[in-house]
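First comes the structure, then the notes that go with it.
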Amino acid sequence: MLRPILTLLTALALAACSSAPGTTRLSPSESFSIASAGTQLSVERAQTGIVRPLAHSSALQAAAADHAEYLSRTGGFSHDGQGGSTLQDRVRRAGYSACLAAENIARGQPDMRGVLTDWMASSGHRDNILNVRLTDYGIARAGSVWVLVLAQPC
């Protein structure tokens, strides 16, 4: 059992080094690697026996980025978005056909490791990350706001 997990973790680590999906520039002073975030999320899943890593989705990335920017700009902290939009509205508007979707939000964590630690300590957020039916992700940070969108395509 340990050998397949180590193989998966090695593959995920190597994938994080590639340029796709790359690094998202947030401002001149802050950035994070979307691939590295996906690797960290997939490692958490692998530790519970979910061996299929999450796949990055540019549509979910757009939905996460739009919501993070909205929350950062308005100072809000809610799953309700601009104009009262829901997660399903934002995912659909980004061009993703989801049969299932979940969203984690956070504020104030300095880096991906910190936000992931906080999400894994919260049962609802943890359940989203570990939901085997959720296969794709997009993650964004705007200012001090983090948004993770997870989904399963139809």
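Quick note on naming: the chains in the structure tokens go A, B, ... in the order shown, residues restart at 1 in each chain, and ligands are numbered from 1 in order of appearance.
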
*For A:Phe77, work out the shell of residues within 12 Å, counting only C-alpha atoms and skipping chain neighbours fewer than 3 positions away, then give it as a list in words.*
His67, Ala68, Glu69, Tyr70, Leu71, Ser72, Arg73, Thr74, Asp80, Gly81, Gln82, Asn104, Ile105, Ala106, Arg107, Gly108, Ser144, Val145, Trp146 and Val147 of chain A

*Interatomic distance between atom CA of A:Leu130 and atom CA of A:Cys99?*
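Answer for the atom CA of A:Leu130 to atom CA of A:Cys99 separation: 16.9 Å.
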
_Nearest-residue call for A:Gly143, choices A:Arg93, A:Pro110, A:Gln40, A:Arg45, using only C-alpha atoms_ = A:Pro110

*Which residue, A:Gly138, A:Arg52, A:Leu148, A:Asp89, has the smallest gap to A:Val115 when you use only C-alpha atoms?*
A:Leu148

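Separating atom CA of A:Asn128 from atom CA of A:Ala102 is a distance of 6.2 Å.
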
_Please list as a ChimeraX atom specification every residue within 12 Å of A:Ser57, counting only C-alpha atoms and excluding residues in the same chain fewer than 4 positions away._
/A:20-21,34-35,38,61-64,91,94-98,134-139,148-153
